[in-house]
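Structure below is structure.txt: compact mmCIF, C-alpha atoms.
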```txt
# COMPACT_ATOMS: atom_id res chain seq x y z
CA ILE A 715 -10.85 16.30 108.39
CA ALA A 716 -12.19 15.49 104.92
CA ARG A 717 -13.46 19.04 104.49
CA PHE A 718 -10.11 20.49 105.54
CA VAL A 719 -8.17 18.25 103.16
CA ILE A 720 -10.52 19.14 100.28
CA ARG A 721 -9.99 22.85 100.94
CA LEU A 722 -6.23 22.36 100.72
CA LEU A 723 -6.62 20.37 97.50
CA ARG A 724 -8.84 23.09 96.05
CA LEU A 725 -6.08 25.65 96.56
CA PHE A 726 -3.48 23.34 95.01
CA PHE A 727 -5.52 22.46 91.93
CA ALA A 728 -6.53 26.11 91.44
CA ALA A 729 -2.85 27.06 91.38
CA VAL A 730 -2.14 24.35 88.80
CA GLU A 731 -5.07 25.47 86.65
CA GLN A 732 -3.86 29.10 86.72
CA GLY A 733 -0.30 28.04 85.88
CA THR A 734 1.34 29.33 89.09
CA VAL A 735 2.23 25.76 90.10
CA GLU A 736 3.57 23.20 87.61
CA VAL A 737 3.74 19.48 88.28
CA PRO A 738 4.89 16.92 85.68
CA TRP A 739 2.02 14.47 86.31
CA LEU A 740 -0.87 16.95 86.00
CA HIS A 741 -1.76 19.23 83.08
CA ARG A 742 -3.54 22.53 83.73
CA ASP A 743 -6.41 21.50 81.43
CA THR A 744 -7.15 18.46 83.62
CA ALA A 745 -6.69 20.18 86.99
CA GLN A 746 -10.36 21.00 87.58
CA PRO A 747 -11.82 17.55 86.73
CA THR A 748 -9.05 15.89 88.75
CA ARG A 749 -9.97 18.06 91.75
CA ARG A 750 -13.61 17.00 91.47
CA LEU A 751 -12.65 13.34 91.15
CA VAL A 752 -10.33 13.44 94.18
CA ALA A 753 -12.94 15.33 96.25
CA THR A 754 -15.59 12.75 95.39
CA LEU A 755 -13.31 9.87 96.39
CA LEU A 756 -12.47 11.60 99.68
CA TRP A 757 -16.14 12.13 100.53
CA ILE A 758 -16.90 8.49 99.72
CA PHE A 759 -14.03 7.40 101.96
CA ALA A 760 -15.28 9.70 104.76
CA ALA A 761 -18.81 8.30 104.42
CA VAL A 762 -17.52 4.72 104.64
CA MET A 763 -15.50 5.60 107.75
CA ALA A 764 -18.51 7.29 109.37
CA TYR A 765 -20.99 4.54 108.49
CA PRO A 766 -20.47 2.37 111.63
CA TYR A 767 -21.14 5.39 113.85
CA LEU A 768 -24.55 6.19 112.36
CA PRO A 769 -27.49 5.46 114.73
CA GLY A 770 -29.12 2.17 113.79
CA SER A 771 -26.45 1.18 111.29
CA GLY A 772 -26.20 -2.28 112.85
CA THR A 773 -29.92 -3.14 112.61
CA ASP A 774 -31.28 -5.59 110.02
CA ALA A 775 -33.68 -2.96 108.65
CA PHE A 776 -30.83 -0.54 107.93
CA LYS A 777 -28.78 -3.29 106.30
CA GLY A 778 -31.74 -4.39 104.19
CA ALA A 779 -32.41 -0.84 103.00
CA SER A 780 -28.71 -0.42 102.13
CA VAL A 781 -28.72 -3.64 100.08
CA PHE A 782 -31.91 -2.59 98.26
CA ILE A 783 -30.55 0.86 97.41
CA GLY A 784 -27.26 -0.64 96.23
CA LEU A 785 -29.11 -3.14 94.01
CA VAL A 786 -31.28 -0.43 92.43
CA VAL A 787 -28.24 1.80 91.78
CA SER A 788 -26.18 -1.04 90.28
CA LEU A 789 -28.99 -2.10 87.91
CA GLY A 790 -29.86 1.40 86.76
CA SER A 791 -26.46 3.03 86.53
CA SER A 792 -24.72 0.96 83.85
CA GLY A 793 -25.42 3.63 81.23
CA LEU A 794 -24.37 6.42 83.59
CA VAL A 795 -21.09 4.67 84.38
CA ASN A 796 -20.39 4.24 80.66
CA GLN A 797 -20.95 7.95 80.03
CA ALA A 798 -18.85 8.93 83.07
CA MET A 799 -15.93 6.74 81.98
CA SER A 800 -16.16 8.22 78.49
CA SER A 801 -16.04 11.66 80.10
CA PHE A 802 -12.76 10.76 81.79
CA MET A 803 -11.33 9.58 78.46
CA ILE A 804 -12.26 12.87 76.78
CA THR A 805 -10.85 14.92 79.65
CA TYR A 806 -7.52 13.19 80.16
CA SER A 807 -6.81 12.68 76.47
CA ARG A 808 -7.36 16.46 76.10
CA SER A 809 -8.98 15.92 72.72
CA LEU A 810 -11.62 18.61 73.33
CA ARG A 811 -11.65 21.91 75.17
CA LEU A 812 -14.27 24.60 75.67
CA GLY A 813 -14.31 26.92 72.68
CA ASP A 814 -12.77 24.43 70.23
CA PHE A 815 -14.35 24.23 66.78
CA VAL A 816 -14.80 20.52 66.09
CA LYS A 817 -16.56 17.98 63.95
CA VAL A 818 -18.00 14.99 65.83
CA GLY A 819 -19.45 12.54 63.34
CA GLU A 820 -21.76 14.68 61.21
CA VAL A 821 -22.04 17.50 63.77
CA GLU A 822 -19.81 20.53 63.29
CA GLY A 823 -19.64 23.45 65.70
CA THR A 824 -18.10 25.04 68.80
CA VAL A 825 -17.81 23.12 72.08
CA THR A 826 -19.81 25.01 74.72
CA TYR A 827 -20.04 22.40 77.50
CA LEU A 828 -18.05 19.37 78.63
CA GLY A 829 -19.99 17.43 81.25
CA VAL A 830 -19.85 14.08 82.98
CA LEU A 831 -22.63 12.64 80.82
CA SER A 832 -22.65 14.69 77.61
CA THR A 833 -20.93 17.26 75.43
CA LYS A 834 -22.76 20.26 73.96
CA VAL A 835 -21.85 21.72 70.57
CA ARG A 836 -23.22 24.96 69.05
CA THR A 837 -23.40 24.77 65.26
CA VAL A 838 -22.82 27.66 62.83
CA ARG A 839 -26.63 27.94 62.52
CA GLY A 840 -26.93 28.59 66.26
CA GLU A 841 -28.31 25.14 67.10
CA GLN A 842 -27.20 23.51 70.34
CA ILE A 843 -26.66 19.78 69.98
CA THR A 844 -26.12 17.46 72.94
CA ILE A 845 -23.91 14.45 72.23
CA PRO A 846 -23.50 11.61 74.78
CA ASN A 847 -19.88 11.21 75.81
CA ALA A 848 -19.88 7.54 74.76
CA VAL A 849 -20.78 8.66 71.22
CA VAL A 850 -17.95 11.23 71.24
CA VAL A 851 -15.44 8.56 72.28
CA GLY A 852 -16.73 6.06 69.72
CA THR A 853 -16.79 8.55 66.82
CA THR A 854 -13.98 10.13 64.84
CA THR A 855 -13.53 13.70 66.07
CA THR A 856 -11.79 16.43 64.05
CA ASN A 857 -10.56 19.45 65.99
CA TYR A 858 -10.07 22.47 63.72
CA SER A 859 -8.86 24.72 66.56
CA ARG A 860 -5.67 22.80 67.30
CA CYS A 861 -2.75 24.02 65.21
CA GLY A 862 -0.74 21.43 63.38
CA ASP A 863 2.93 21.38 62.48
CA VAL A 864 2.54 23.55 59.39
CA ASP A 865 3.98 26.92 60.51
CA GLY A 866 1.44 27.36 63.27
CA GLY A 867 -1.66 26.53 61.22
CA ILE A 868 -3.60 23.70 59.62
CA TYR A 869 -4.80 23.51 56.05
CA THR A 870 -8.48 23.40 55.13
CA PRO A 871 -9.29 22.10 51.62
CA THR A 872 -11.90 23.14 49.07
CA SER A 873 -12.16 21.56 45.61
CA LEU A 874 -13.54 22.32 42.15
CA THR A 875 -13.36 20.80 38.66
CA ILE A 876 -12.24 22.61 35.48
CA GLY A 877 -12.11 21.25 31.91
CA TYR A 878 -8.90 20.36 30.12
CA ASP A 879 -9.28 23.31 27.72
CA THR A 880 -8.36 25.76 30.52
CA PRO A 881 -4.59 26.05 31.18
CA TRP A 882 -3.70 24.74 34.62
CA ARG A 883 -1.44 27.72 35.32
CA GLN A 884 -4.40 30.06 34.84
CA VAL A 885 -6.56 27.98 37.17
CA GLN A 886 -3.84 27.93 39.80
CA ALA A 887 -3.27 31.69 39.58
CA LEU A 888 -7.02 32.42 39.90
CA LEU A 889 -7.41 30.12 42.90
CA LEU A 890 -4.47 31.70 44.70
CA MET A 891 -5.86 35.16 43.89
CA ALA A 892 -9.25 34.14 45.33
CA ALA A 893 -7.58 32.94 48.51
CA GLU A 894 -5.63 36.20 48.79
CA ARG A 895 -8.80 38.30 48.43
CA THR A 896 -10.92 36.28 50.84
CA PRO A 897 -11.16 37.70 54.40
CA GLY A 898 -10.24 35.28 57.15
CA VAL A 899 -7.52 33.40 55.22
CA ARG A 900 -4.01 33.41 56.72
CA ALA A 901 -1.08 34.63 54.65
CA SER A 902 1.16 32.12 56.47
CA PRO A 903 1.20 29.25 55.78
CA ALA A 904 0.68 30.32 52.19
CA PRO A 905 -2.28 28.90 50.24
CA ALA A 906 -1.45 26.06 47.87
CA VAL A 907 -3.12 24.38 44.89
CA ARG A 908 -3.00 20.66 44.13
CA GLN A 909 -4.20 18.72 41.08
CA VAL A 910 -5.68 15.69 42.83
CA GLU A 911 -7.55 13.89 40.01
CA LEU A 912 -7.42 13.62 36.21
CA GLN A 913 -10.90 12.58 35.05
CA ASP A 914 -12.19 11.91 31.55
CA PHE A 915 -13.47 15.45 30.94
CA TYR A 916 -12.00 17.63 33.68
CA VAL A 917 -9.25 18.11 36.23
CA LYS A 918 -10.03 18.27 39.94
CA TYR A 919 -8.14 21.04 41.74
CA THR A 920 -7.91 21.39 45.53
CA LEU A 921 -7.12 24.72 47.16
CA LEU A 922 -5.52 24.45 50.61
CA VAL A 923 -5.86 27.45 52.92
CA SER A 924 -5.26 28.13 56.63
CA LEU A 925 -8.03 30.01 58.46
CA GLU A 926 -7.63 32.71 61.10
CA HIS A 927 -10.81 31.67 62.93
CA ALA A 928 -11.87 28.04 62.59
CA GLU A 929 -15.43 28.74 63.79
CA GLN A 930 -16.02 30.80 60.59
CA ARG A 931 -14.91 27.90 58.40
CA ALA A 932 -18.24 27.33 56.64
CA MET A 933 -18.72 31.00 55.68
CA ILE A 934 -15.11 31.46 54.50
CA MET A 935 -15.09 28.30 52.41
```

What would you get if you wrote out this structure as structure tokens?
Amino acid sequence: IARFVIRLLRLFFAAVEQGTVEVPWLHRDTAQPTRRLVATLLWIFAAVMAYPYLPGSGTDAFKGASVFIGLVVSLGSSGLVNQAMSSFMITYSRSLRLGDFVKVGEVEGTVTYLGVLSTKVRTVRGEQITIPNAVVVGTTTTNYSRCGDVDGGIYTPTSLTIGYDTPWRQVQALLLMAAERTPGVRASPAPAVRQVELQDFYVKYTLLVSLEHAEQRAMIM
């Protein structure tokens, strides 16, 4: 019965993930992990129901072995449970998806794997870094692949300092020209220049641009 129910649930969650079925309480990005979670709970329930019918389940030796195994699992799985719960938080908050270009703490790269215990990120240098899910949840994460509310794109800043003897209009025109001539920079939203600081000997300018491909951010900037 459990196997039959799980097969039906697999068809339902597959339809939700593909977008052919829409339900208000389940997003297509969380369909697959929800299916795995429900299937695991069903198998646990089936095992509990079948336990009294196992040969020797009523003997003291079987009970003692069950208590010993449960004690070992409970003492050694505190870290695993923490990582698994963090995995659920990442999944159902939909903060990360496969292929997103993100910055987790000091690590910046493309998400290549979202697991129960860890998240893998491939940096622009080709390195693969494994981050425990508890660290991802406890660290500020910036997702450069999610568009903001600025005409379908998000701004990425780069700054430089120029002395007061250079007219600010000339600096602004040169920065906008550089953005226009740089491959990978969106024309909309249009690049913008801001004077963010007035120091003793120079002015700090910040050029804001929107990128076509966030994973090429380091090279473009």

Handout entry: Å distance separating atom CA of Ala761 of chain A from atom CA of Arg717 of chain A, one decimal place
Key =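 Rounded to one decimal, the two atoms are 12.0 Å apart.
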
Handout entry: Distance query segment 846-856 of chain A at most 6 Å, only C-alpha atoms, self and fewer than 4 positions along chain excluded, as number ranges by chain
Key = A: 797, 800-801, 816-819, 831-832

Handout entry: Top pick for closest residue to Arg811 of chain A, considering A:Glu841, A:Glu911, A:Asp743, A:Asp879 and counting all atoms listed in the file
Key =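 Comparing A:Glu841, A:Glu911, A:Asp743, A:Asp879 against Arg811 of chain A, the winner is A:Asp743.
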
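The neighbours of Gln732 of chain A here are the residues that come within 12 Å of it, using only C-alpha atoms and leaving out any residue fewer than 2 positions away in the same chain; they are Leu725, Phe726, Phe727, Ala728, Ala729, Val730, Thr734, Val735, Glu736, His741, Arg742, Asp743, Thr744, Ala745 and Gln746 of chain A.
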
Exercise for the section: Could you tell me how far atom CA of Thr870 of chain A lies from atom CA of Met935 of chain A, in Å and to one decimal? Expected result: 8.7 Å

Practice task
For each of A:Thr754, A:Gln842, A:Gln886, A:Thr748, take the minimum atom-to-atom distance to Ala716 of chain A, counting all atoms listed in the file, then give the residue where this is smallest.
Solution key: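 Using all atoms listed in the file, the shortest distance to Ala716 of chain A belongs to A:Thr754.
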
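Residues of protein, DNA or RNA having at least one counted atom within 7 Å of (-0.5, 29.3, 46.7), given all atoms listed in the file, are Leu890, Ala904, Pro905, Ala906 and Val907 of chain A.
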
Dump of C-alpha atoms for the selected residues, as an mmCIF file, in the frame of the given file:
```cif
data_model
loop_
_atom_site.group_PDB
_atom_site.id
_atom_site.type_symbol
_atom_site.label_atom_id
_atom_site.label_comp_id
_atom_site.auth_asym_id
_atom_site.auth_seq_id
_atom_site.Cartn_x
_atom_site.Cartn_y
_atom_site.Cartn_z
ATOM 1 C CA LEU A 890 -4.470 31.700 44.700
ATOM 2 C CA ALA A 904 0.680 30.320 52.190
ATOM 3 C CA PRO A 905 -2.280 28.900 50.240
ATOM 4 C CA ALA A 906 -1.450 26.060 47.870
ATOM 5 C CA VAL A 907 -3.120 24.380 44.890
#
```

Completion step: segment 910-932 of chain A with N, CA, C and O atoms as a tab-separated table (two decimals), keeping the file's coordinate frame:
```
chain	number	residue	atom	x	y	z
A	910	VAL	N	-5.52	16.96	42.12
A	910	VAL	CA	-5.68	15.69	42.83
A	910	VAL	C	-6.25	14.58	41.96
A	910	VAL	O	-6.05	13.39	42.26
A	911	GLU	N	-6.96	14.93	40.86
A	911	GLU	CA	-7.55	13.89	40.01
A	911	GLU	C	-7.55	14.34	38.55
A	911	GLU	O	-7.77	15.53	38.27
A	912	LEU	N	-7.31	13.39	37.66
A	912	LEU	CA	-7.42	13.62	36.21
A	912	LEU	C	-8.54	12.73	35.69
A	912	LEU	O	-8.35	11.53	35.46
A	913	GLN	N	-9.73	13.33	35.51
A	913	GLN	CA	-10.90	12.58	35.05
A	913	GLN	C	-10.98	12.61	33.52
A	913	GLN	O	-10.11	13.16	32.84
A	914	ASP	N	-12.05	12.00	33.00
A	914	ASP	CA	-12.19	11.91	31.55
A	914	ASP	C	-12.38	13.28	30.90
A	914	ASP	O	-11.86	13.53	29.80
A	915	PHE	N	-13.13	14.18	31.56
A	915	PHE	CA	-13.47	15.45	30.94
A	915	PHE	C	-12.99	16.67	31.73
A	915	PHE	O	-13.19	17.80	31.28
A	916	TYR	N	-12.41	16.47	32.88
A	916	TYR	CA	-12.00	17.63	33.68
A	916	TYR	C	-10.88	17.23	34.64
A	916	TYR	O	-10.60	16.05	34.86
A	917	VAL	N	-10.28	18.27	35.21
A	917	VAL	CA	-9.25	18.11	36.23
A	917	VAL	C	-9.82	18.60	37.56
A	917	VAL	O	-10.49	19.64	37.60
A	918	LYS	N	-9.57	17.85	38.62
A	918	LYS	CA	-10.03	18.27	39.94
A	918	LYS	C	-8.90	18.97	40.67
A	918	LYS	O	-7.83	18.38	40.88
A	919	TYR	N	-9.12	20.24	41.02
A	919	TYR	CA	-8.14	21.04	41.74
A	919	TYR	C	-8.59	21.18	43.20
A	919	TYR	O	-9.78	21.35	43.47
A	920	THR	N	-7.64	21.18	44.11
A	920	THR	CA	-7.91	21.39	45.53
A	920	THR	C	-7.08	22.57	46.02
A	920	THR	O	-5.86	22.57	45.87
A	921	LEU	N	-7.78	23.56	46.58
A	921	LEU	CA	-7.12	24.72	47.16
A	921	LEU	C	-7.01	24.52	48.67
A	921	LEU	O	-8.01	24.25	49.35
A	922	LEU	N	-5.79	24.63	49.18
A	922	LEU	CA	-5.52	24.45	50.61
A	922	LEU	C	-5.23	25.81	51.24
A	922	LEU	O	-4.32	26.51	50.80
A	923	VAL	N	-6.03	26.16	52.25
A	923	VAL	CA	-5.86	27.45	52.92
A	923	VAL	C	-5.87	27.22	54.43
A	923	VAL	O	-6.43	26.24	54.93
A	924	SER	N	-5.25	28.14	55.17
A	924	SER	CA	-5.26	28.13	56.63
A	924	SER	C	-6.12	29.30	57.10
A	924	SER	O	-5.98	30.42	56.61
A	925	LEU	N	-7.03	29.03	58.03
A	925	LEU	CA	-8.03	30.01	58.46
A	925	LEU	C	-7.59	30.69	59.75
A	925	LEU	O	-6.99	30.07	60.63
A	926	GLU	N	-7.92	31.97	59.87
A	926	GLU	CA	-7.63	32.71	61.10
A	926	GLU	C	-8.56	32.28	62.23
A	926	GLU	O	-8.14	32.17	63.38
A	927	HIS	N	-9.83	32.06	61.93
A	927	HIS	CA	-10.81	31.67	62.93
A	927	HIS	C	-11.55	30.44	62.41
A	927	HIS	O	-12.33	30.51	61.44
A	928	ALA	N	-11.30	29.30	63.07
A	928	ALA	CA	-11.87	28.04	62.59
A	928	ALA	C	-13.39	28.02	62.67
A	928	ALA	O	-14.05	27.35	61.88
A	929	GLU	N	-13.97	28.77	63.64
A	929	GLU	CA	-15.43	28.74	63.79
A	929	GLU	C	-16.13	29.40	62.62
A	929	GLU	O	-17.35	29.21	62.43
A	930	GLN	N	-15.42	30.18	61.77
A	930	GLN	CA	-16.02	30.80	60.59
A	930	GLN	C	-15.72	29.99	59.33
A	930	GLN	O	-15.81	30.50	58.22
A	931	ARG	N	-15.36	28.75	59.51
A	931	ARG	CA	-14.91	27.90	58.40
A	931	ARG	C	-15.96	27.79	57.30
A	931	ARG	O	-15.64	27.95	56.11
A	932	ALA	N	-17.21	27.54	57.66
A	932	ALA	CA	-18.24	27.33	56.64
A	932	ALA	C	-18.44	28.59	55.80
A	932	ALA	O	-18.53	28.51	54.56
```
